[in-house]
>>> print(open('target_23.txt').read())   # compact mmCIF, C-alpha atoms and all ligand atoms
# COMPACT_ATOMS: atom_id res chain seq x y z
CA MET A 153 80.00 0.70 -23.12
CA SER A 154 83.47 -0.16 -21.88
CA GLY A 155 84.37 -3.79 -22.32
CA GLU A 156 81.87 -4.19 -25.15
CA LYS A 157 83.48 -5.78 -28.22
CA PHE A 158 83.82 -3.43 -31.20
CA GLN A 159 81.61 -4.35 -34.13
CA ALA A 160 81.99 -2.48 -37.45
CA HIS A 161 78.90 -1.75 -39.48
CA GLU A 162 79.61 -2.87 -43.09
CA ILE A 163 77.66 -2.34 -46.27
CA ARG A 164 78.38 -4.35 -49.41
CA ASP A 165 78.47 -2.26 -52.60
CA PHE A 166 80.52 -1.99 -55.78
CA ILE A 167 82.50 0.72 -57.53
CA LYS A 168 82.86 0.95 -61.30
CA ILE A 169 85.86 2.90 -62.55
CA ASN A 170 86.93 3.83 -66.05
CA TYR A 171 90.67 4.27 -66.15
CA LYS A 172 93.70 4.40 -68.40
CA TYR A 173 97.23 3.43 -67.62
CA THR A 174 100.39 4.03 -69.55
CA MET A 175 103.12 1.59 -70.47
CA GLY A 176 105.55 4.52 -70.34
CA GLY A 177 108.94 3.80 -71.86
CA GLN A 178 107.82 0.25 -72.72
CA SER A 179 105.00 1.56 -74.97
CA LYS A 180 106.90 0.75 -78.18
CA PHE A 181 106.89 -2.97 -77.27
CA PHE A 182 103.08 -3.01 -77.03
CA ILE A 183 102.51 -0.85 -80.13
CA GLU A 184 104.75 -3.08 -82.30
CA LEU A 185 103.10 -6.19 -80.85
CA LYS A 186 99.64 -4.89 -81.70
CA ASN A 187 100.33 -3.40 -85.13
CA ASN A 188 103.12 -5.54 -86.55
CA LYS A 189 103.32 -8.76 -84.50
CA LYS A 190 106.90 -7.92 -83.61
CA LEU A 191 108.53 -8.84 -80.31
CA LEU A 192 110.94 -6.06 -79.42
CA GLY A 193 113.66 -6.35 -76.85
CA THR A 194 116.40 -3.90 -76.00
CA LYS A 195 120.17 -4.08 -76.17
CA CYS A 196 122.39 -2.14 -73.79
CA THR A 197 124.51 0.45 -75.58
CA LYS A 198 127.39 -0.20 -73.18
CA CYS A 199 127.59 -3.85 -72.12
CA GLY A 200 125.53 -5.31 -75.00
CA LYS A 201 123.17 -7.31 -72.79
CA THR A 202 119.89 -8.10 -74.58
CA TRP A 203 116.83 -7.56 -72.42
CA MET A 204 113.58 -9.41 -73.08
CA PRO A 205 111.24 -8.22 -71.62
CA PRO A 206 112.74 -4.90 -72.74
CA ARG A 207 114.30 -2.44 -70.33
CA ILE A 208 114.79 1.17 -71.33
CA ASN A 209 117.98 1.34 -69.32
CA CYS A 210 120.24 -1.62 -68.65
CA SER A 211 119.59 -2.96 -65.15
CA GLU A 212 123.24 -3.93 -64.80
CA CYS A 213 125.18 -0.86 -65.94
CA TYR A 214 122.31 1.70 -66.04
CA GLU A 215 123.18 2.89 -69.55
CA PRO A 216 120.43 3.43 -72.17
CA ALA A 217 119.38 0.43 -74.25
CA ASP A 218 118.34 0.43 -77.93
CA TRP A 219 115.25 -1.29 -79.32
CA ILE A 220 115.90 -4.44 -81.33
CA GLU A 221 113.58 -6.94 -82.97
CA MET A 222 113.78 -10.38 -81.37
CA LYS A 223 113.30 -13.81 -82.88
CA GLN A 224 109.94 -15.39 -82.08
CA THR A 225 111.37 -18.74 -81.07
CA GLY A 226 112.88 -19.63 -77.74
CA THR A 227 113.57 -22.15 -75.03
CA ILE A 228 111.75 -22.79 -71.75
CA GLU A 229 113.93 -22.02 -68.73
CA VAL A 230 111.41 -22.96 -66.03
CA SER A 231 107.70 -23.73 -66.12
CA THR A 232 104.59 -24.80 -64.28
CA ILE A 233 101.03 -25.83 -65.13
CA VAL A 234 98.24 -23.52 -63.97
CA TRP A 235 95.06 -24.97 -62.45
CA TYR A 236 93.83 -21.94 -60.44
CA THR A 237 93.52 -18.54 -62.07
CA THR A 238 91.48 -15.35 -62.40
CA SER A 239 88.27 -14.98 -64.41
CA ALA A 240 90.29 -13.68 -67.38
CA PHE A 241 91.95 -17.08 -67.92
CA ILE A 242 89.51 -19.53 -66.33
CA LYS A 243 88.44 -21.00 -69.69
CA ALA A 244 92.03 -21.78 -70.61
CA ILE A 245 92.95 -24.00 -67.63
CA PRO A 246 94.96 -26.10 -67.49
CA TYR A 247 97.69 -24.19 -69.30
CA GLY A 248 101.40 -23.70 -68.85
CA VAL A 249 103.32 -20.61 -67.83
CA ALA A 250 107.02 -20.41 -68.35
CA PHE A 251 110.04 -18.17 -68.40
CA VAL A 252 110.99 -18.31 -72.07
CA LYS A 253 114.39 -17.15 -73.27
CA LEU A 254 113.94 -16.00 -76.85
CA ASP A 255 116.78 -16.91 -79.22
CA GLY A 256 119.37 -14.16 -78.89
CA ALA A 257 118.05 -12.80 -75.57
CA ASP A 258 120.03 -12.80 -72.32
CA THR A 259 116.96 -12.71 -70.08
CA ALA A 260 113.68 -14.63 -69.99
CA LEU A 261 110.09 -13.52 -70.48
CA LEU A 262 107.18 -14.86 -68.39
CA GLN A 263 104.42 -15.96 -70.74
CA GLY A 264 101.63 -18.50 -71.23
CA ILE A 265 102.32 -21.81 -72.95
CA PHE A 266 99.36 -23.45 -74.65
CA SER A 267 99.37 -27.01 -75.90
CA GLU A 268 96.90 -29.32 -77.61
CA ASN A 269 98.11 -32.05 -75.31
CA LEU A 270 99.29 -30.38 -72.13
CA VAL A 271 101.50 -32.77 -70.24
CA PRO A 272 104.49 -31.74 -68.12
CA SER A 273 106.95 -33.07 -70.71
CA LYS A 274 105.59 -30.53 -73.25
CA VAL A 275 106.50 -27.54 -71.08
CA LYS A 276 109.69 -28.74 -69.43
CA LYS A 277 113.00 -26.89 -69.23
CA GLY A 278 114.79 -26.96 -72.56
CA SER A 279 111.61 -27.35 -74.67
CA PHE A 280 111.52 -25.28 -77.86
CA VAL A 281 108.56 -22.94 -78.25
CA LYS A 282 107.30 -20.49 -80.85
CA ALA A 283 105.09 -17.40 -80.52
CA VAL A 284 101.49 -17.45 -81.79
CA PHE A 285 99.51 -14.19 -82.05
CA LEU A 286 95.84 -13.35 -81.66
CA LYS A 287 94.32 -11.95 -84.85
CA GLU A 288 92.48 -9.34 -82.75
CA ARG A 289 95.30 -7.71 -80.79
CA GLU A 290 94.89 -4.91 -78.23
CA GLY A 291 98.49 -4.16 -77.33
CA LYS A 292 98.54 -6.40 -74.25
CA MET A 293 100.74 -9.27 -73.06
CA THR A 294 97.79 -11.59 -73.78
CA ASP A 295 98.06 -10.72 -77.52
CA PHE A 296 100.48 -13.62 -77.86
CA PHE A 297 101.51 -16.86 -76.22
CA PHE A 298 103.92 -19.68 -76.88
CA VAL A 299 103.26 -23.19 -78.16
CA PRO A 300 105.54 -26.21 -78.45
CA GLU A 301 107.43 -25.90 -81.76
CA ASP A 302 105.83 -29.08 -83.18
CA GLU A 303 102.31 -27.67 -82.60
CA TYR A 304 102.94 -24.31 -84.27
CA GLU A 305 101.22 -25.08 -87.60
CA THR A 306 98.14 -26.44 -85.79
CA TRP A 307 97.78 -23.28 -83.71
CA ILE A 308 98.27 -20.73 -86.48
CA ASN A 309 95.64 -22.50 -88.57
CA LYS A 310 92.95 -21.88 -85.93
CA PRO A 311 90.63 -19.02 -86.99
CA GLU A 312 91.43 -16.74 -84.03
CA TYR A 313 95.23 -17.00 -84.22
CA GLU A 314 98.02 -16.33 -86.69
CA GLY A 315 101.74 -16.76 -87.04
CA GLY A 316 104.25 -14.01 -86.41
CA VAL A 317 106.68 -12.28 -88.75
ZN ZN B 401 124.51 -2.76 -69.76
>>> encode(input="target_23.txt", output="structure tokens", more="lines below")
Ligand SMILES: [Zn+2]
Amino acid sequence: MSGEKFQAHEIRDFIKINYKYTMGGQSKFFIELKNNKKLLGTKCTKCGKTWMPPRINCSECYEPADWIEMKQTGTIEVSTIVWYTTSAFIKAIPYGVAFVKLDGADTALLQGIFSENLVPSKVKKGSFVKAVFLKEREGKMTDFFFVPEDEYETWINKPEYEGGV
């Protein structure tokens, strides 16, 4: 046997698993998103930095942060257009993804940008965007997305979407 090349015997199969995971300290963000279409950030009780996405403790001074309701408008900091994705988003390509700094936030949130006419100039740095919500929300990041400000009315008039608060 020595000198013979190792060959593993492999069998193709699949495993189905039911599971639950917790959002832990960030749970309030997802509950308010689902039930009330609110986008909650946090504000550090010491240095005042506003975190969006929210952080339970400030990542700069490690003090606790309080929940605050954020505006649903913001500005694109950096973006790209997605052409390759997972099965969950395949029907949506091409679409934008961007780091969006909500008005009043000190940090940016990574989120999808949808447009009726997706061209790079629509999702460039400095573009103004507004949040649009799914009518059927599950408490997930995919419950909302951003659209260019001038397309907001078009998007919220589609049957599956609605405007925020
Ligand atoms: Zn702080």
>>> closest_residue(input="target_23.txt", among="A:Ser211, A:Asn170, A:Ser179, A:Asn188", to="ligand ZN 401 (chain B)", atoms="only C-alpha atoms and all ligand atoms")
A:Ser211
>>> residues_near_ligand(input="target_23.txt", ligand="ligand ZN 401 (chain B)", cutoff="7 Å", atoms="only C-alpha atoms and all ligand atoms", output="CSV table (one decimal) with C-alpha atoms, in the frame of the given file")
chain,number,residue,atom,x,y,z
A,196,CYS,CA,122.4,-2.1,-73.8
A,197,THR,CA,124.5,0.4,-75.6
A,198,LYS,CA,127.4,-0.2,-73.2
A,199,CYS,CA,127.6,-3.8,-72.1
A,200,GLY,CA,125.5,-5.3,-75.0
A,201,LYS,CA,123.2,-7.3,-72.8
A,210,CYS,CA,120.2,-1.6,-68.6
A,211,SER,CA,119.6,-3.0,-65.2
A,212,GLU,CA,123.2,-3.9,-64.8
A,213,CYS,CA,125.2,-0.9,-65.9
A,214,TYR,CA,122.3,1.7,-66.0
A,215,GLU,CA,123.2,2.9,-69.6
>>> residues_around(input="target_23.txt", residues="A:Ile228", least_positions_apart="4", cutoff="9 Å", atoms="only C-alpha atoms", output="compact mmCIF listing (two decimals) with C-alpha atoms, in the frame of the given file")
# COMPACT_ATOMS: atom_id res chain seq x y z
CA ALA A 250 107.02 -20.41 -68.35
CA PHE A 251 110.04 -18.17 -68.40
CA VAL A 252 110.99 -18.31 -72.07
CA LYS A 253 114.39 -17.15 -73.27
CA LEU A 254 113.94 -16.00 -76.85
CA ALA A 260 113.68 -14.63 -69.99
CA VAL A 275 106.50 -27.54 -71.08
CA LYS A 276 109.69 -28.74 -69.43
CA LYS A 277 113.00 -26.89 -69.23
CA GLY A 278 114.79 -26.96 -72.56
CA SER A 279 111.61 -27.35 -74.67
CA PHE A 280 111.52 -25.28 -77.86
CA VAL A 281 108.56 -22.94 -78.25
>>> residues_near_point(input="target_23.txt", point="(104.7, -17.7, -66.4)", cutoff="8 Å", atoms="only C-alpha atoms", output="list in words")
Ser231, Thr232, Gly248, Val249, Ala250, Phe251, Leu261, Leu262, Gln263 and Gly264 of chain A
>>> write_last_selection(input="target_23.txt", atoms="C-alpha atoms", output="compact mmCIF listing (two decimals), in the coordinates of the input")
# COMPACT_ATOMS: atom_id res chain seq x y z
CA SER A 231 107.70 -23.73 -66.12
CA THR A 232 104.59 -24.80 -64.28
CA GLY A 248 101.40 -23.70 -68.85
CA VAL A 249 103.32 -20.61 -67.83
CA ALA A 250 107.02 -20.41 -68.35
CA PHE A 251 110.04 -18.17 -68.40
CA LEU A 261 110.09 -13.52 -70.48
CA LEU A 262 107.18 -14.86 -68.39
CA GLN A 263 104.42 -15.96 -70.74
CA GLY A 264 101.63 -18.50 -71.23
>>> residues_around(input="target_23.txt", residues="A:Asn269", least_positions_apart="3", cutoff="12 Å", atoms="only C-alpha atoms", output="list of chain:residue names")
A:Pro246, A:Tyr247, A:Gly248, A:Ile265, A:Phe266, A:Pro272, A:Ser273, A:Lys274, A:Val275, A:Val299, A:Pro300, A:Asp302, A:Glu303, A:Thr306
>>> closest_residue(input="target_23.txt", among="A:Leu191, A:Ala160, A:Ile220, A:Ala244", to="A:Lys282", atoms="only C-alpha atoms")
A:Leu191
>>> atom_distance(input="target_23.txt", atom1="atom CA of A:Glu288", atom2="atom CA of A:Asn187")
10.1 Å
>>> decode(input="target_23.txt", residues="stretch 279-301 of chain A", atoms="N, CA and C atoms", output="PDB file, in the first residue's frame")
ATOM      1  N   SER A 279     -24.774  61.278  -2.981  1.00  0.00           N
ATOM      2  CA  SER A 279     -26.189  61.204  -3.401  1.00  0.00           C
ATOM      3  C   SER A 279     -27.095  61.097  -2.179  1.00  0.00           C
ATOM      4  N   PHE A 280     -28.243  61.770  -2.264  1.00  0.00           N
ATOM      5  CA  PHE A 280     -29.217  61.722  -1.169  1.00  0.00           C
ATOM      6  C   PHE A 280     -30.151  60.544  -1.382  1.00  0.00           C
ATOM      7  N   VAL A 281     -30.384  59.797  -0.303  1.00  0.00           N
ATOM      8  CA  VAL A 281     -31.257  58.620  -0.373  1.00  0.00           C
ATOM      9  C   VAL A 281     -32.265  58.647   0.778  1.00  0.00           C
ATOM     10  N   LYS A 282     -33.330  57.865   0.593  1.00  0.00           N
ATOM     11  CA  LYS A 282     -34.385  57.805   1.591  1.00  0.00           C
ATOM     12  C   LYS A 282     -34.796  56.343   1.777  1.00  0.00           C
ATOM     13  N   ALA A 283     -35.168  55.974   2.999  1.00  0.00           N
ATOM     14  CA  ALA A 283     -35.519  54.580   3.292  1.00  0.00           C
ATOM     15  C   ALA A 283     -36.929  54.247   2.832  1.00  0.00           C
ATOM     16  N   VAL A 284     -37.072  53.066   2.219  1.00  0.00           N
ATOM     17  CA  VAL A 284     -38.363  52.512   1.814  1.00  0.00           C
ATOM     18  C   VAL A 284     -38.495  51.170   2.539  1.00  0.00           C
ATOM     19  N   PHE A 285     -39.703  50.871   3.031  1.00  0.00           N
ATOM     20  CA  PHE A 285     -39.915  49.673   3.845  1.00  0.00           C
ATOM     21  C   PHE A 285     -40.809  48.663   3.129  1.00  0.00           C
ATOM     22  N   LEU A 286     -40.546  47.386   3.366  1.00  0.00           N
ATOM     23  CA  LEU A 286     -41.453  46.342   2.891  1.00  0.00           C
ATOM     24  C   LEU A 286     -42.724  46.399   3.746  1.00  0.00           C
ATOM     25  N   LYS A 287     -43.866  46.155   3.113  1.00  0.00           N
ATOM     26  CA  LYS A 287     -45.111  46.097   3.895  1.00  0.00           C
ATOM     27  C   LYS A 287     -45.098  44.871   4.808  1.00  0.00           C
ATOM     28  N   GLU A 288     -44.558  43.754   4.302  1.00  0.00           N
ATOM     29  CA  GLU A 288     -44.473  42.514   5.084  1.00  0.00           C
ATOM     30  C   GLU A 288     -43.074  42.421   5.674  1.00  0.00           C
ATOM     31  N   ARG A 289     -42.903  42.928   6.888  1.00  0.00           N
ATOM     32  CA  ARG A 289     -41.581  42.950   7.508  1.00  0.00           C
ATOM     33  C   ARG A 289     -41.407  41.782   8.478  1.00  0.00           C
ATOM     34  N   GLU A 290     -40.164  41.289   8.566  1.00  0.00           N
ATOM     35  CA  GLU A 290     -39.869  40.140   9.432  1.00  0.00           C
ATOM     36  C   GLU A 290     -38.872  40.472  10.542  1.00  0.00           C
ATOM     37  N   GLY A 291     -38.435  41.727  10.604  1.00  0.00           N
ATOM     38  CA  GLY A 291     -37.412  42.070  11.587  1.00  0.00           C
ATOM     39  C   GLY A 291     -36.033  41.678  11.092  1.00  0.00           C
ATOM     40  N   LYS A 292     -35.766  41.974   9.812  1.00  0.00           N
ATOM     41  CA  LYS A 292     -34.474  41.653   9.195  1.00  0.00           C
ATOM     42  C   LYS A 292     -33.947  42.896   8.486  1.00  0.00           C
ATOM     43  N   MET A 293     -32.654  42.901   8.197  1.00  0.00           N
ATOM     44  CA  MET A 293     -32.066  44.034   7.476  1.00  0.00           C
ATOM     45  C   MET A 293     -32.714  44.224   6.105  1.00  0.00           C
ATOM     46  N   THR A 294     -33.225  43.141   5.527  1.00  0.00           N
ATOM     47  CA  THR A 294     -33.867  43.227   4.212  1.00  0.00           C
ATOM     48  C   THR A 294     -35.294  43.784   4.293  1.00  0.00           C
ATOM     49  N   ASP A 295     -35.753  44.195   5.481  1.00  0.00           N
ATOM     50  CA  ASP A 295     -37.069  44.828   5.624  1.00  0.00           C
ATOM     51  C   ASP A 295     -37.092  46.243   5.037  1.00  0.00           C
ATOM     52  N   PHE A 296     -35.909  46.791   4.778  1.00  0.00           N
ATOM     53  CA  PHE A 296     -35.870  48.129   4.190  1.00  0.00           C
ATOM     54  C   PHE A 296     -34.661  48.253   3.270  1.00  0.00           C
ATOM     55  N   PHE A 297     -34.710  49.286   2.461  1.00  0.00           N
ATOM     56  CA  PHE A 297     -33.599  49.589   1.556  1.00  0.00           C
ATOM     57  C   PHE A 297     -33.661  51.077   1.279  1.00  0.00           C
ATOM     58  N   PHE A 298     -32.693  51.571   0.561  1.00  0.00           N
ATOM     59  CA  PHE A 298     -32.690  53.001   0.239  1.00  0.00           C
ATOM     60  C   PHE A 298     -32.921  53.200  -1.254  1.00  0.00           C
ATOM     61  N   VAL A 299     -33.526  54.328  -1.570  1.00  0.00           N
ATOM     62  CA  VAL A 299     -33.734  54.710  -2.975  1.00  0.00           C
ATOM     63  C   VAL A 299     -33.264  56.155  -3.139  1.00  0.00           C
ATOM     64  N   PRO A 300     -32.878  56.535  -4.373  1.00  0.00           N
ATOM     65  CA  PRO A 300     -32.543  57.948  -4.584  1.00  0.00           C
ATOM     66  C   PRO A 300     -33.744  58.809  -4.182  1.00  0.00           C
ATOM     67  N   GLU A 301     -33.468  59.929  -3.541  1.00  0.00           N
ATOM     68  CA  GLU A 301     -34.524  60.799  -3.000  1.00  0.00           C
ATOM     69  C   GLU A 301     -35.612  61.117  -4.045  1.00  0.00           C
TER      70      GLU A 301
END
